[in-house]
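Colleague: What follows is a structure written as structure tokens; I'll ask about it next.
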Amino acid sequence: MFKPLLLAAAALTLGGLLLFVFNQPDMITAERSGSPIATDLETSLLVRIEISGADRDLALVLNEGGWADDKSKYPAQVEAISQLLLTLTTTMVGDRVTDNPERHGRFQVLAPPKTLDERDSEKHADSLRLLDASGTPLLALLAGKNRDQGQGQYIRYADSEEVYLVPERLSLSGDPADWLETELLNLEESLFREIRITKSSGEFLRFHRADAKADWLLEGAERPLKQSKVSSALHRIKSLSFEQLLGANDPDGQSSLSQVTRVEASLADQRKLVIELGETEIPDGGHAFRLSLTLGGGDNAMLQNSVRKLQERVNGRVFSMRTWQARDLLNKRSDFYESE
């Protein structure tokens, strides 16, 4: 009599255990689904951001001067980092897709190997790690492929086998140019009084004007000047930005500066800037350049401080701009004349 009762009790117990185990994934799903990607993220503790992609690694670090690229020490965009953190703390995790590690490659959420040569963009995820001062991860996330049909992207937390769907693709670029402060100059056009362009061939152009309201004149002009061409060159100078940071010791950048067009601009407030622009394209496209800015005199503390900060940023570095941007500064004398 007791034996059937014991068997029945054992069966009920086993069934309860199986039901508990079977329902565990749903319990985990409830914890992740419907919650932000980064729940309770302590952004005040964040001092390092690491991104590993298919073809490069990037690390951004917080120091006394603010956020910067760990490798080049060049300042990073605070806005881009803020946008990343906002996305992580407001984007909600969707449905759990799988908890089977054998399917991770299918959703491209495999952790990327340490060496670039071993990484496969069809299988390995873009890895994101947010670290505190001790190197402890505040968040370790693997971002996979886009959803095949419909919107969304697959993600996996590094400490879990589970794959989830989020509604939009996370922007986890490992390209430093997407994170660095690419704007070098943002000057008022009215300040410019003189622009000198000297090419490696010896051709020399000097544009000048008496004040901000006057038209530009070209020294030795043989025909009427096309003001729009001068404005394009002026715009390129006053709003100078870079596409890539090549670095002070970058061989491609340095070799492309063997033949340069030297652009000198004098401003009404006694600032003077010099752009040394390579006349030949670098292997990856674009043109290499260097920038320097000086202050001729005066006791304007604000100007002195802005010049000092820019010099600290550029500090002999080599940058690149796109080819179509470089053309504005590489035009020949004849290009600045009105058509006959």
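For the structure tokens, the naming scheme is as follows: chains receive sequential letters (A, B, ...) according to their order of presentation, residues are indexed from 1 within each chain, and ligands are indexed from 1 in presentation order.
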Show me, as JSON, numbers by chain, the residues that have an atom within 10 Å of range 312-327 of chain A when counting only C-alpha atoms, minus same-chain residues fewer than 3 positions from it.
Modeller: {"A": [72, 73, 74, 75, 181, 182, 184, 232, 233, 236, 240, 241, 242, 243, 244, 245, 246, 247, 248, 249, 250, 252, 253, 254, 257, 276, 277, 278, 279, 280, 281, 282, 284, 285, 286, 287, 288, 289, 290, 291, 292, 293, 306, 307, 308, 309, 330, 331, 332]}
Colleague: Please identify the strand (DSSP E) residues within range 101-275 of chain A (assignment by DSSP from backbone atoms) and present them as number ranges by chain.
Modeller: A: 126-131, 137-146, 153-157, 163-166, 192-198, 204-208, 217-218, 244-245, 260-267, 271-275
Colleague: Kindly save the residues from that selection, with C-alpha atoms included, as a tab-separated table (two decimals), in the first residue's frame.
Modeller:
chain	number	residue	atom	x	y	z
A	126	ASP	CA	30.82	43.72	-31.71
A	127	SER	CA	31.89	43.67	-28.08
A	128	LEU	CA	31.18	46.53	-25.66
A	129	ARG	CA	32.60	46.74	-22.13
A	130	LEU	CA	32.01	49.56	-19.68
A	131	LEU	CA	34.56	49.42	-16.87
A	137	PRO	CA	32.78	45.55	-15.92
A	138	LEU	CA	29.69	47.64	-15.28
A	139	LEU	CA	28.31	46.18	-18.51
A	140	ALA	CA	29.67	43.57	-20.91
A	141	LEU	CA	27.55	43.25	-24.04
A	142	LEU	CA	27.84	41.43	-27.36
A	143	ALA	CA	25.95	43.03	-30.26
A	144	GLY	CA	25.21	40.68	-33.17
A	145	LYS	CA	23.58	40.77	-36.57
A	146	ASN	CA	20.47	42.62	-37.64
A	153	GLN	CA	19.37	43.45	-33.59
A	154	TYR	CA	20.43	40.38	-31.60
A	155	ILE	CA	22.41	40.91	-28.42
A	156	ARG	CA	23.89	38.73	-25.71
A	157	TYR	CA	25.23	39.59	-22.30
A	163	VAL	CA	20.24	35.84	-26.97
A	164	TYR	CA	17.74	38.69	-27.02
A	165	LEU	CA	16.30	41.01	-29.61
A	166	VAL	CA	16.46	44.80	-29.26
A	192	PHE	CA	39.55	86.82	-42.00
A	193	ARG	CA	41.63	89.54	-43.68
A	194	GLU	CA	44.27	87.70	-45.72
A	195	ILE	CA	44.78	84.21	-47.15
A	196	ARG	CA	48.08	83.14	-48.68
A	197	ILE	CA	48.35	79.90	-50.63
A	198	THR	CA	51.78	78.66	-51.66
A	204	PHE	CA	51.65	81.88	-54.97
A	205	LEU	CA	48.16	83.31	-54.35
A	206	ARG	CA	47.40	86.18	-51.98
A	207	PHE	CA	43.77	87.04	-51.25
A	208	HIS	CA	43.06	90.11	-49.12
A	217	LEU	CA	40.90	90.77	-54.01
A	218	LEU	CA	43.58	88.59	-55.56
A	244	GLN	CA	40.98	60.46	-39.82
A	245	LEU	CA	43.64	61.02	-37.19
A	260	VAL	CA	52.55	70.42	-49.64
A	261	THR	CA	50.39	73.40	-50.33
A	262	ARG	CA	50.88	75.88	-47.51
A	263	VAL	CA	47.77	77.86	-46.55
A	264	GLU	CA	48.27	80.84	-44.24
A	265	ALA	CA	45.38	82.91	-42.95
A	266	SER	CA	45.59	86.14	-40.96
A	267	LEU	CA	42.69	87.22	-38.75
A	271	ARG	CA	45.56	85.11	-34.80
A	272	LYS	CA	47.38	83.38	-37.62
A	273	LEU	CA	46.83	79.83	-38.76
A	274	VAL	CA	48.85	77.62	-41.05
A	275	ILE	CA	47.64	74.49	-42.83
Colleague: Contacts of Gly298 in chain A at 12 Å or less, counting only C-alpha atoms, minus same-chain residues fewer than 2 places along, as a VMD selection string?
Modeller: chain A and resid 268 to 271 294 to 296 300 to 304
Colleague: For CA of His235 in chain A and CA of Ser334 in chain A, determine how far apart the two atoms are, in Å to one decimal place.
Modeller: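 If I compute the distance from CA of His235 in chain A to CA of Ser334 in chain A, I get 19.4 Å.
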Colleague: Need to verify the contact set: Thr43 in chain A, 12 Å, only C-alpha atoms, exclusion of same-chain residues closer than 4 positions in sequence. Can you return it as a PDB file with N, CA and C atoms, in the first residue's frame?
Modeller:
ATOM      1  N   ALA A  38      20.979  48.397 -20.253  1.00  0.00           N
ATOM      2  CA  ALA A  38      21.834  48.593 -19.075  1.00  0.00           C
ATOM      3  C   ALA A  38      20.959  49.065 -17.920  1.00  0.00           C
ATOM      4  N   THR A  39      20.547  48.147 -17.103  1.00  0.00           N
ATOM      5  CA  THR A  39      19.692  48.468 -15.964  1.00  0.00           C
ATOM      6  C   THR A  39      20.548  48.912 -14.782  1.00  0.00           C
ATOM      7  N   VAL A  47      34.866  54.748 -16.191  1.00  0.00           N
ATOM      8  CA  VAL A  47      36.130  55.410 -16.526  1.00  0.00           C
ATOM      9  C   VAL A  47      36.754  54.859 -17.811  1.00  0.00           C
ATOM     10  N   ARG A  48      36.197  53.796 -18.362  1.00  0.00           N
ATOM     11  CA  ARG A  48      36.786  53.208 -19.564  1.00  0.00           C
ATOM     12  C   ARG A  48      35.700  52.525 -20.399  1.00  0.00           C
ATOM     13  N   ILE A  49      35.746  52.753 -21.705  1.00  0.00           N
ATOM     14  CA  ILE A  49      34.831  52.128 -22.652  1.00  0.00           C
ATOM     15  C   ILE A  49      35.674  51.365 -23.662  1.00  0.00           C
ATOM     16  N   LEU A  62      38.583  58.009 -19.361  1.00  0.00           N
ATOM     17  CA  LEU A  62      38.264  59.265 -18.696  1.00  0.00           C
ATOM     18  C   LEU A  62      39.445  59.675 -17.827  1.00  0.00           C
ATOM     19  N   ILE A  81      29.607  59.873 -26.555  1.00  0.00           N
ATOM     20  CA  ILE A  81      29.597  58.978 -25.395  1.00  0.00           C
ATOM     21  C   ILE A  81      28.270  59.106 -24.645  1.00  0.00           C
ATOM     22  N   SER A  82      27.799  60.326 -24.504  1.00  0.00           N
ATOM     23  CA  SER A  82      26.509  60.539 -23.835  1.00  0.00           C
ATOM     24  C   SER A  82      25.388  59.855 -24.589  1.00  0.00           C
ATOM     25  N   LEU A  84      25.632  57.197 -26.498  1.00  0.00           N
ATOM     26  CA  LEU A  84      25.754  55.754 -26.280  1.00  0.00           C
ATOM     27  C   LEU A  84      25.140  55.361 -24.943  1.00  0.00           C
ATOM     28  N   LEU A  85      25.462  56.077 -23.898  1.00  0.00           N
ATOM     29  CA  LEU A  85      24.934  55.757 -22.571  1.00  0.00           C
ATOM     30  C   LEU A  85      23.418  55.948 -22.520  1.00  0.00           C
ATOM     31  N   LEU A  86      22.936  56.985 -23.205  1.00  0.00           N
ATOM     32  CA  LEU A  86      21.486  57.207 -23.251  1.00  0.00           C
ATOM     33  C   LEU A  86      20.795  56.049 -23.948  1.00  0.00           C
ATOM     34  N   LEU A  88      21.830  52.953 -24.203  1.00  0.00           N
ATOM     35  CA  LEU A  88      21.911  51.750 -23.380  1.00  0.00           C
ATOM     36  C   LEU A  88      20.929  51.779 -22.210  1.00  0.00           C
ATOM     37  N   THR A  89      20.662  52.959 -21.698  1.00  0.00           N
ATOM     38  CA  THR A  89      19.798  53.059 -20.510  1.00  0.00           C
ATOM     39  C   THR A  89      18.333  53.294 -20.846  1.00  0.00           C
ATOM     40  N   LEU A 130      31.924  48.340 -20.480  1.00  0.00           N
ATOM     41  CA  LEU A 130      32.008  49.556 -19.684  1.00  0.00           C
ATOM     42  C   LEU A 130      32.651  49.179 -18.352  1.00  0.00           C
ATOM     43  N   LEU A 131      33.765  49.836 -18.019  1.00  0.00           N
ATOM     44  CA  LEU A 131      34.561  49.419 -16.866  1.00  0.00           C
ATOM     45  C   LEU A 131      34.683  50.542 -15.850  1.00  0.00           C
ATOM     46  N   ASP A 132      34.821  50.147 -14.559  1.00  0.00           N
ATOM     47  CA  ASP A 132      35.090  51.124 -13.517  1.00  0.00           C
ATOM     48  C   ASP A 132      36.604  51.225 -13.300  1.00  0.00           C
ATOM     49  N   ALA A 133      37.018  51.988 -12.295  1.00  0.00           N
ATOM     50  CA  ALA A 133      38.441  52.254 -12.074  1.00  0.00           C
ATOM     51  C   ALA A 133      39.232  50.998 -11.733  1.00  0.00           C
ATOM     52  N   PRO A 137      33.792  45.148 -14.942  1.00  0.00           N
ATOM     53  CA  PRO A 137      32.775  45.549 -15.923  1.00  0.00           C
ATOM     54  C   PRO A 137      31.475  46.008 -15.257  1.00  0.00           C
ATOM     55  N   LEU A 138      31.019  47.180 -15.649  1.00  0.00           N
ATOM     56  CA  LEU A 138      29.690  47.640 -15.277  1.00  0.00           C
ATOM     57  C   LEU A 138      28.661  47.082 -16.261  1.00  0.00           C
ATOM     58  N   LEU A 139      29.134  46.797 -17.478  1.00  0.00           N
ATOM     59  CA  LEU A 139      28.309  46.179 -18.510  1.00  0.00           C
ATOM     60  C   LEU A 139      29.245  45.515 -19.510  1.00  0.00           C
TER      61      LEU A 139
END
Colleague: CA of Ala210 in chain A and CA of Glu189 in chain A, how far apart in Å?
Modeller: 13.6 Å
Colleague: As a PyMOL selection string, list the residues of range 202-295 of chain A assigned to helix (DSSP H, G or I) by DSSP on the backbone atoms of this structure.
Modeller: chain A and resi 227-238+251-255
Colleague: Given the selection you just returned, output its residues as a file containing C-alpha atoms, formatted as a compact mmCIF listing (two decimals), in the first residue's frame.
Modeller:
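This went into selection_5.txt:
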# COMPACT_ATOMS: atom_id res chain seq x y z
CA GLN A 227 33.96 85.33 -55.16
CA SER A 228 32.18 81.98 -54.69
CA LYS A 229 35.47 80.12 -55.19
CA VAL A 230 37.16 82.25 -52.56
CA SER A 231 34.20 81.67 -50.21
CA SER A 232 34.55 77.90 -50.66
CA ALA A 233 38.23 78.04 -49.73
CA LEU A 234 37.45 80.32 -46.79
CA HIS A 235 34.71 77.98 -45.57
CA ARG A 236 37.10 75.03 -45.69
CA ILE A 237 39.60 76.94 -43.54
CA LYS A 238 37.28 78.49 -40.97
CA PRO A 251 54.21 56.70 -42.34
CA ASP A 252 51.42 57.19 -44.89
CA GLY A 253 50.60 60.63 -43.56
CA GLN A 254 54.21 61.77 -43.33
CA SER A 255 55.13 60.57 -46.81
Colleague: Which one of A:Gly34, A:Leu45, A:Val93, A:Tyr337 sits closest to Gly220 in chain A if you count only C-alpha atoms?
Modeller: A:Tyr337
Colleague: Just checking: using only C-alpha atoms, which residue out of A:Leu116, A:Ser201, A:Ser258, A:Asp178 ends up closest to Val78 in chain A?
Modeller: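 Of A:Leu116, A:Ser201, A:Ser258, A:Asp178, the one nearest Val78 in chain A is A:Asp178, counting only C-alpha atoms.
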Colleague: Applying 12 Å and only C-alpha atoms, which residues near Glu161 in chain A remain after dropping the ones on its own chain fewer than 3 positions away? List them as a PDB file with C-alpha atoms, in the first residue's frame.
Modeller:
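And here is the file that came out, around07.pdb:
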ATOM      1  CA  PRO A  25      14.323  30.417 -18.991  1.00  0.00           C
ATOM      2  CA  ILE A  28      15.181  34.896 -16.802  1.00  0.00           C
ATOM      3  CA  THR A  29      13.404  36.325 -19.814  1.00  0.00           C
ATOM      4  CA  ARG A  96      14.540  36.037 -25.722  1.00  0.00           C
ATOM      5  CA  VAL A  97      15.456  34.230 -28.945  1.00  0.00           C
ATOM      6  CA  THR A  98      17.501  31.304 -27.636  1.00  0.00           C
ATOM      7  CA  ASP A  99      19.653  30.084 -24.784  1.00  0.00           C
ATOM      8  CA  ASN A 100      21.457  27.489 -26.876  1.00  0.00           C
ATOM      9  CA  PRO A 101      25.180  28.345 -27.247  1.00  0.00           C
ATOM     10  CA  GLU A 102      25.354  26.257 -30.415  1.00  0.00           C
ATOM     11  CA  ARG A 103      23.186  28.890 -32.119  1.00  0.00           C
ATOM     12  CA  HIS A 104      25.316  31.891 -31.102  1.00  0.00           C
ATOM     13  CA  GLY A 105      27.194  31.887 -34.403  1.00  0.00           C
ATOM     14  CA  VAL A 109      26.884  36.902 -30.944  1.00  0.00           C
ATOM     15  CA  LEU A 110      30.078  34.912 -30.419  1.00  0.00           C
ATOM     16  CA  ALA A 111      32.659  36.803 -28.377  1.00  0.00           C
ATOM     17  CA  LEU A 141      27.551  43.248 -24.038  1.00  0.00           C
ATOM     18  CA  LEU A 142      27.841  41.432 -27.360  1.00  0.00           C
ATOM     19  CA  ILE A 155      22.407  40.910 -28.415  1.00  0.00           C
ATOM     20  CA  ARG A 156      23.892  38.728 -25.710  1.00  0.00           C
ATOM     21  CA  TYR A 157      25.231  39.589 -22.298  1.00  0.00           C
ATOM     22  CA  ALA A 158      28.762  38.270 -21.867  1.00  0.00           C
ATOM     23  CA  TYR A 164      17.737  38.688 -27.020  1.00  0.00           C
TER      24      TYR A 164
END
Colleague: For CA of Lys71 in chain A and CA of Ser173 in chain A, determine how far apart the two atoms are, in Å to one decimal place.
Modeller: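 About the pair CA of Lys71 in chain A and CA of Ser173 in chain A: they are 15.8 Å apart.
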